[in-house]
$ cat run38.txt   # compact mmCIF, C-alpha atoms
# COMPACT_ATOMS: atom_id res chain seq x y z
CA MET A 1 0.00 0.00 0.00
CA ALA A 2 2.63 2.48 1.07
CA ARG A 3 4.74 1.34 -1.85
CA ALA A 4 1.95 1.94 -4.36
CA ARG A 5 1.41 5.38 -2.90
CA SER A 6 5.03 6.36 -3.18
CA ARG A 7 5.01 5.12 -6.75
CA ILE A 8 2.07 7.36 -7.62
CA ALA A 9 3.77 10.26 -5.87
CA GLY A 10 6.86 9.61 -7.95
CA VAL A 11 4.96 9.68 -11.21
CA ILE A 12 3.18 12.89 -10.25
CA SER A 13 6.42 14.54 -9.25
CA VAL A 14 8.08 13.65 -12.56
CA PHE A 15 5.03 14.99 -14.39
CA GLY A 16 5.24 18.22 -12.39
CA GLU A 17 8.91 18.60 -13.17
CA LEU A 18 8.20 18.11 -16.87
CA LEU A 19 5.59 20.87 -16.73
CA ILE A 20 8.01 23.24 -15.02
CA THR A 21 10.62 22.37 -17.64
CA ALA A 22 8.19 23.08 -20.46
CA GLY A 23 7.41 26.47 -18.91
CA LEU A 24 11.09 27.33 -18.69
CA VAL A 25 11.70 26.28 -22.31
CA LEU A 26 8.83 28.50 -23.49
CA ALA A 27 10.20 31.42 -21.47
CA LEU A 28 13.59 30.83 -23.06
CA PHE A 29 11.95 30.83 -26.48
CA VAL A 30 10.57 34.29 -25.80
CA VAL A 31 14.03 35.45 -24.77
CA TYR A 32 15.39 33.92 -27.94
CA SER A 33 12.86 35.51 -30.29
CA LEU A 34 12.75 38.98 -28.80
CA TRP A 35 16.36 39.42 -27.78
CA TRP A 36 18.85 36.91 -29.12
CA THR A 37 17.68 37.06 -32.75
CA ASN A 38 18.08 40.85 -32.55
CA VAL A 39 21.64 40.48 -31.33
CA LEU A 40 22.51 38.12 -34.18
CA ALA A 41 20.66 40.12 -36.84
CA ASP A 42 22.12 43.48 -35.80
CA ARG A 43 25.60 42.01 -35.89
CA GLU A 44 25.05 40.49 -39.33
CA SER A 45 23.37 43.54 -40.88
CA ALA A 46 26.08 45.84 -39.53
CA LYS A 47 28.67 43.63 -41.18
CA GLN A 48 26.81 43.52 -44.50
CA GLY A 49 26.11 47.26 -44.40
CA GLU A 50 29.77 47.97 -43.84
CA ARG A 51 30.63 45.85 -46.86
CA VAL A 52 28.23 47.87 -49.02
CA ARG A 53 29.71 51.16 -47.76
CA ASP A 54 33.20 49.85 -48.42
CA ARG A 55 32.33 49.10 -52.00
CA TRP A 56 30.68 52.50 -52.39
CA ALA A 57 33.82 54.16 -51.08
CA GLY A 58 35.67 52.65 -54.00
CA GLY A 59 33.65 54.87 -56.30
CA PRO A 60 30.34 54.31 -58.02
CA GLY A 61 30.25 50.73 -59.21
CA ALA A 62 27.63 48.70 -60.96
CA LEU A 63 24.43 48.07 -59.03
CA ASP A 64 25.03 44.82 -57.22
CA THR A 65 21.77 43.45 -55.93
CA LYS A 66 23.42 40.69 -53.98
CA ASP A 67 25.02 42.82 -51.29
CA GLY A 68 22.22 45.28 -50.92
CA ILE A 69 21.17 48.25 -52.99
CA GLY A 70 21.15 50.96 -50.34
CA PHE A 71 20.03 52.14 -46.93
CA LEU A 72 16.63 53.17 -45.68
CA HIS A 73 16.49 56.03 -43.17
CA VAL A 74 13.22 56.66 -41.37
CA PRO A 75 13.68 59.37 -38.73
CA ALA A 76 10.23 58.69 -37.23
CA MET A 77 11.21 55.10 -36.48
CA GLY A 78 14.36 56.25 -34.75
CA ASN A 79 16.50 53.25 -35.57
CA GLY A 80 19.18 54.60 -37.83
CA GLU A 81 19.79 53.06 -41.19
CA VAL A 82 18.42 49.81 -42.53
CA LEU A 83 20.22 47.92 -45.24
CA VAL A 84 17.96 47.00 -48.18
CA LYS A 85 18.55 43.82 -50.11
CA GLN A 86 16.78 41.92 -52.84
CA GLY A 87 14.06 39.48 -51.90
CA THR A 88 11.76 38.95 -48.95
CA ASP A 89 12.41 35.33 -48.08
CA PRO A 90 12.93 34.70 -44.35
CA LYS A 91 16.61 33.90 -44.81
CA THR A 92 17.28 37.40 -46.14
CA LEU A 93 15.04 39.24 -43.69
CA ASN A 94 16.33 37.32 -40.68
CA ASN A 95 19.69 39.04 -41.10
CA GLY A 96 18.19 42.29 -39.90
CA VAL A 97 17.71 43.90 -43.28
CA ALA A 98 14.71 45.10 -45.24
CA GLY A 99 14.01 43.30 -48.49
CA TYR A 100 12.34 44.54 -51.62
CA TYR A 101 9.72 42.27 -53.12
CA ILE A 102 10.39 40.12 -56.14
CA ASP A 103 7.37 37.97 -55.47
CA PRO A 104 4.30 38.02 -55.71
CA ILE A 105 4.56 41.45 -57.34
CA LYS A 106 7.97 42.63 -58.40
CA SER A 107 9.08 45.86 -56.82
CA ALA A 108 10.20 48.83 -58.84
CA LEU A 109 13.53 50.40 -57.94
CA PRO A 110 13.68 54.00 -56.72
CA SER A 111 15.57 54.94 -59.84
CA ASP A 112 12.73 53.76 -62.08
CA LYS A 113 10.71 56.50 -63.74
CA GLN A 114 7.52 55.02 -62.36
CA GLY A 115 6.47 52.28 -60.02
CA ASN A 116 6.23 51.14 -56.45
CA PHE A 117 9.32 50.40 -54.36
CA THR A 118 7.96 47.75 -51.99
CA LEU A 119 9.79 46.68 -48.83
CA ALA A 120 9.30 44.24 -45.99
CA ALA A 121 11.13 43.86 -42.67
CA HIS A 122 10.57 42.32 -39.26
CA ARG A 123 8.43 43.97 -36.61
CA ASP A 124 9.94 41.94 -33.78
CA GLY A 125 13.04 39.86 -33.50
CA HIS A 126 15.69 39.47 -36.19
CA GLY A 127 16.63 43.12 -35.90
CA ALA A 128 13.02 44.35 -35.68
CA LYS A 129 13.81 46.99 -38.27
CA PHE A 130 10.19 48.08 -38.74
CA HIS A 131 9.24 47.81 -35.07
CA ASN A 132 8.17 51.44 -34.83
CA ILE A 133 6.24 51.54 -38.09
CA HIS A 134 3.15 52.76 -36.21
CA LYS A 135 5.00 55.98 -35.34
CA LEU A 136 5.01 57.04 -38.99
CA LYS A 137 2.47 59.79 -39.65
CA THR A 138 1.33 61.45 -42.83
CA GLY A 139 4.01 63.88 -43.97
CA ASP A 140 6.90 62.06 -42.30
CA SER A 141 9.91 61.45 -44.46
CA ILE A 142 11.35 58.17 -45.61
CA VAL A 143 14.79 58.59 -47.14
CA PHE A 144 16.45 55.98 -49.27
CA GLU A 145 20.17 56.29 -49.83
CA THR A 146 21.88 54.69 -52.80
CA VAL A 147 25.45 54.95 -53.97
CA ASP A 148 24.80 58.23 -55.79
CA THR A 149 21.33 59.52 -54.86
CA TRP A 150 19.15 60.39 -51.86
CA TYR A 151 15.49 59.63 -52.56
CA VAL A 152 13.22 61.59 -50.25
CA TYR A 153 9.70 60.18 -49.88
CA LYS A 154 6.80 61.60 -47.88
CA VAL A 155 4.25 59.36 -46.19
CA PHE A 156 0.72 60.00 -47.44
CA LYS A 157 -1.26 57.03 -46.18
CA ASP A 158 -1.14 53.96 -43.99
CA LEU A 159 -3.22 50.86 -43.58
CA LYS A 160 -3.07 49.82 -39.95
CA GLU A 161 -4.43 46.37 -40.48
CA THR A 162 -4.92 44.32 -43.58
CA SER A 163 -5.00 40.69 -44.58
CA LYS A 164 -1.76 38.98 -45.42
CA TYR A 165 -3.36 37.95 -48.71
CA ASN A 166 -3.82 41.57 -49.74
CA VAL A 167 -1.07 41.65 -52.36
CA ASP A 168 -2.70 44.56 -54.18
CA VAL A 169 -1.01 46.94 -51.76
CA LEU A 170 2.13 46.17 -53.76
CA GLN A 171 0.68 47.16 -57.14
CA PRO A 172 2.58 49.82 -59.11
CA VAL A 173 -0.36 52.07 -58.28
CA PRO A 174 -1.14 50.61 -54.86
CA LYS A 175 -4.76 49.76 -54.25
CA GLU A 176 -6.40 51.34 -51.18
CA SER A 177 -3.71 54.00 -51.06
CA GLY A 178 -6.07 56.52 -52.60
CA ARG A 179 -3.75 57.13 -55.55
CA THR A 180 -5.02 56.40 -59.03
CA LYS A 181 -2.21 57.64 -61.25
CA PRO A 182 1.17 56.06 -61.78
CA GLY A 183 3.91 57.69 -59.74
CA ARG A 184 7.04 56.92 -57.78
CA TYR A 185 5.78 55.29 -54.63
CA ILE A 186 7.32 53.48 -51.70
CA THR A 187 5.52 50.81 -49.67
CA LEU A 188 6.61 49.48 -46.29
CA THR A 189 5.04 46.24 -45.09
CA THR A 190 5.43 44.40 -41.81
CA CYS A 191 3.32 42.35 -39.43
CA THR A 192 0.86 43.62 -36.87
CA PRO A 193 -0.13 43.59 -34.02
CA VAL A 194 3.31 43.57 -32.40
CA TYR A 195 4.64 40.17 -31.36
CA THR A 196 2.28 38.35 -33.71
CA SER A 197 1.64 38.23 -37.40
CA ASP A 198 -2.12 37.97 -37.74
CA TYR A 199 -2.29 41.00 -40.03
CA ARG A 200 -0.07 43.27 -42.07
CA TYR A 201 0.69 46.94 -41.53
CA ILE A 202 1.23 49.05 -44.63
CA VAL A 203 2.70 52.53 -45.06
CA TRP A 204 2.78 54.36 -48.38
CA GLY A 205 4.93 57.26 -49.41
CA GLU A 206 5.49 59.21 -52.56
CA LEU A 207 8.74 60.55 -53.93
CA GLU A 208 9.10 64.23 -53.18
CA ARG A 209 12.53 64.93 -54.61
CA THR A 210 15.94 63.43 -55.15
CA GLU A 211 19.34 64.79 -54.21
CA LYS A 212 22.70 63.89 -55.65
CA VAL A 213 25.10 62.44 -53.12
CA ASP A 214 28.01 64.83 -52.63
CA ARG A 215 31.57 63.97 -51.76
CA ASP A 216 30.98 64.05 -48.00
CA ARG A 217 27.70 62.20 -48.23
CA THR A 218 25.93 65.14 -46.60
CA PRO A 219 22.51 63.81 -45.69
CA PRO A 220 19.41 65.70 -46.88
CA ALA A 221 17.75 68.16 -44.49
CA GLU A 222 15.20 65.57 -43.36
CA LEU A 223 17.92 63.47 -41.76
CA ARG A 224 19.91 66.34 -40.29
CA GLN A 225 17.24 67.70 -37.96
CA SER A 226 16.85 64.44 -36.07
CA MET B 1 13.56 13.38 -12.48
CA TYR B 2 15.89 16.16 -11.38
CA GLY B 3 16.32 14.38 -8.04
CA TRP B 4 17.35 11.26 -9.91
CA ILE B 5 19.93 13.20 -11.94
CA TRP B 6 21.26 14.85 -8.80
CA ARG B 7 21.67 11.51 -7.05
CA HIS B 8 23.57 10.07 -10.00
CA LEU B 9 26.04 12.92 -10.35
CA PRO B 10 29.45 12.16 -8.86
CA GLY B 11 31.28 14.11 -6.19
CA ASN B 12 30.15 16.23 -3.27
CA ALA B 13 27.44 18.88 -3.34
CA TRP B 14 29.74 21.57 -4.82
CA VAL B 15 30.93 19.36 -7.64
CA ARG B 16 27.36 18.31 -8.36
CA ALA B 17 26.19 21.91 -8.40
CA PHE B 18 28.95 22.78 -10.84
CA ILE B 19 28.12 19.86 -13.14
CA SER B 20 24.44 20.82 -12.97
CA LEU B 21 25.28 24.34 -14.04
CA VAL B 22 27.29 23.04 -16.98
CA LEU B 23 24.43 20.76 -17.97
CA VAL B 24 21.93 23.63 -17.82
CA LEU B 25 24.18 25.81 -19.97
CA ALA B 26 24.60 22.97 -22.47
CA VAL B 27 20.82 22.58 -22.73
CA VAL B 28 20.35 26.33 -23.24
CA TYR B 29 23.04 26.31 -25.91
CA VAL B 30 21.41 23.44 -27.80
CA LEU B 31 18.02 25.18 -27.57
CA PHE B 32 19.31 28.54 -28.84
CA GLN B 33 21.58 27.10 -31.48
CA TYR B 34 19.49 24.29 -32.94
CA VAL B 35 16.01 23.83 -31.51
CA PHE B 36 14.65 27.39 -31.59
CA PRO B 37 15.95 28.27 -35.06
CA TRP B 38 14.28 25.11 -36.28
CA ALA B 39 11.00 25.75 -34.48
CA GLU B 40 10.65 29.44 -35.22
CA PRO B 41 9.61 29.31 -38.89
CA LEU B 42 6.98 26.73 -37.98
CA LEU B 43 5.28 29.16 -35.62
CA PRO B 44 3.05 31.99 -36.85
CA PHE B 45 4.74 34.92 -35.07
CA ASN B 46 7.10 36.34 -37.61
CA ASP B 47 5.64 36.51 -41.12
CA VAL B 48 5.97 40.02 -42.39
CA THR B 49 5.24 39.86 -46.10
CA VAL B 50 2.00 39.96 -47.98
CA ASP B 51 1.66 37.04 -50.33
CA GLY B 52 -0.93 34.84 -51.90
CA GLN B 53 -0.32 31.80 -49.73
$ encode --input "run38.txt" --output "structure tokens"
Amino acid sequence: MARARSRIAGVISVFGELLITAGLVLALFVVYSLWWTNVLADRESAKQGERVRDRWAGGPGALDTKDGIGFLHVPAMGNGEVLVKQGTDPKTLNNGVAGYYIDPIKSALPSDKQGNFTLAAHRDGHGAKFHNIHKLKTGDSIVFETVDTWYVYKVFKDLKETSKYNVDVLQPVPKESGRTKPGRYITLTTCTPVYTSDYRYIVWGELERTEKVDRDRTPPAELRQS
Amino acid sequence: MYGWIWRHLPGNAWVRAFISLVLVLAVVYVLFQYVFPWAEPLLPFNDVTVDGQ
């Protein structure tokens, strides 16, 4: 009798310990996703960004889409510069960069006469480069820096919550943005609400002007005031 | 379970505590290095793109 009881107690105690262990593993997973992936991604994107700047320093070369095409500066997000590379597959984005879409709708490049420059980046973890996307208001600037040009965009509309199937936000003339004529647009996409990815958050901007990059890489006024 | 591990570790209490610490760190390392990176894409927390799928 006493033996059977101690046996049951043993089983229950092992079960309890397994539950505690599971809880700890889940807590560690949160630490991993919200902290450790940022550490890794920031390290990697800094390294890749440096490589791009190094190549730029060697004078204007051919556009190499492999190492990144430029840097995104969004003063309202307050996170410095974000390297932009081709493609939006997780492997690219997990390195703490923003990617421009090649699928399902191919992005235009800022240098194109017309079209929509469409970008995606993580909201949380892996650098969380678009974490503060909700701080962007109409009229805020989005600056894209390439080897020879600063492209200054102004935000004109956002979509705080949309379905992840809503690919029309990436159209050359983005649907639901209120614009009907072709122009030079920029689209930022990320997931929302924070810490999940039930929906997508969209911000649209339109090119206001471009500036040639000078010898000292003097940033445009929009970046100097912040 | 943990009691069983503790009883089967060699040495006195200090040595056992040290080995336990090493074991815990090893488990955390394996989780961060292999298990979590594998599990993360399977979980719906980090999809940021719009697509048709």
$ closest_residue --input "run38.txt" --among "B:Leu31, B:Ile5, B:Val15, B:Leu42" --to "chain A" --atoms "all atoms listed in the file"
B:Leu31
$ closest_atom_pairs --input "run38.txt" --of "chain B" --to "chain A" --cutoff "8 Å" --atoms "all atoms listed in the file" --output "JSON lines"
{"residue": "B:Met1", "atom": "CA", "partner": "A:Val14", "partner_atom": "CA", "distance": 5.5}
{"residue": "B:Tyr2", "atom": "CA", "partner": "A:Glu17", "partner_atom": "CA", "distance": 7.6}
{"residue": "B:Phe32", "atom": "CA", "partner": "A:Tyr32", "partner_atom": "CA", "distance": 6.7}
{"residue": "B:Phe36", "atom": "CA", "partner": "A:Phe29", "partner_atom": "CA", "distance": 6.7}
{"residue": "B:Pro44", "atom": "CA", "partner": "A:Ser197", "partner_atom": "CA", "distance": 6.4}
{"residue": "B:Phe45", "atom": "CA", "partner": "A:Thr196", "partner_atom": "CA", "distance": 4.4}
{"residue": "B:Asn46", "atom": "CA", "partner": "A:Ser197", "partner_atom": "CA", "distance": 5.8}
{"residue": "B:Asp47", "atom": "CA", "partner": "A:Ser197", "partner_atom": "CA", "distance": 5.7}
{"residue": "B:Val48", "atom": "CA", "partner": "A:Thr190", "partner_atom": "CA", "distance": 4.5}
{"residue": "B:Thr49", "atom": "CA", "partner": "A:Ala120", "partner_atom": "CA", "distance": 6.0}
{"residue": "B:Val50", "atom": "CA", "partner": "A:Lys164", "partner_atom": "CA", "distance": 4.7}
{"residue": "B:Asp51", "atom": "CA", "partner": "A:Tyr165", "partner_atom": "CA", "distance": 5.4}
{"residue": "B:Gly52", "atom": "CA", "partner": "A:Tyr165", "partner_atom": "CA", "distance": 5.1}
{"residue": "B:Gln53", "atom": "CA", "partner": "A:Tyr165", "partner_atom": "CA", "distance": 6.9}
$ write_last_selection --input "run38.txt" --atoms "C-alpha atoms" --output "compact mmCIF listing (two decimals), in the coordinates of the input"
# COMPACT_ATOMS: atom_id res chain seq x y z
CA MET B 1 13.56 13.38 -12.48
CA TYR B 2 15.89 16.16 -11.38
CA PHE B 32 19.31 28.54 -28.84
CA PHE B 36 14.65 27.39 -31.59
CA PRO B 44 3.05 31.99 -36.85
CA PHE B 45 4.74 34.92 -35.07
CA ASN B 46 7.10 36.34 -37.61
CA ASP B 47 5.64 36.51 -41.12
CA VAL B 48 5.97 40.02 -42.39
CA THR B 49 5.24 39.86 -46.10
CA VAL B 50 2.00 39.96 -47.98
CA ASP B 51 1.66 37.04 -50.33
CA GLY B 52 -0.93 34.84 -51.90
CA GLN B 53 -0.32 31.80 -49.73
$ residues_around --input "run38.txt" --residues "stretch 54-59 of chain A" --least-positions-apart "6" --cutoff "10 Å" --atoms "all atoms listed in the file" --output "list in words"
Gln48, Asp67, Gly70, Thr146, Val147 and Asp148 of chain A
$ atom_distance --input "run38.txt" --atom1 "atom CA of A:Glu211" --atom2 "atom CA of A:Lys129"
24.5 Å
$ closest_residue --input "run38.txt" --among "B:Gly3, B:Leu43, B:Tyr29, B:Pro37" --to "B:Arg16" --atoms "only C-alpha atoms"
B:Gly3
$ residues_around --input "run38.txt" --residues "A:Val74" --least-positions-apart "4" --cutoff "9 Å" --atoms "all atoms listed in the file" --output "VMD selection string"
chain A and resid 78 to 82 136 140 to 144 223
$ closest_residue --input "run38.txt" --among "A:Ile133, A:Ala46, A:Leu72, A:Ile12" --to "A:Val84" --atoms "only C-alpha atoms"
A:Leu72
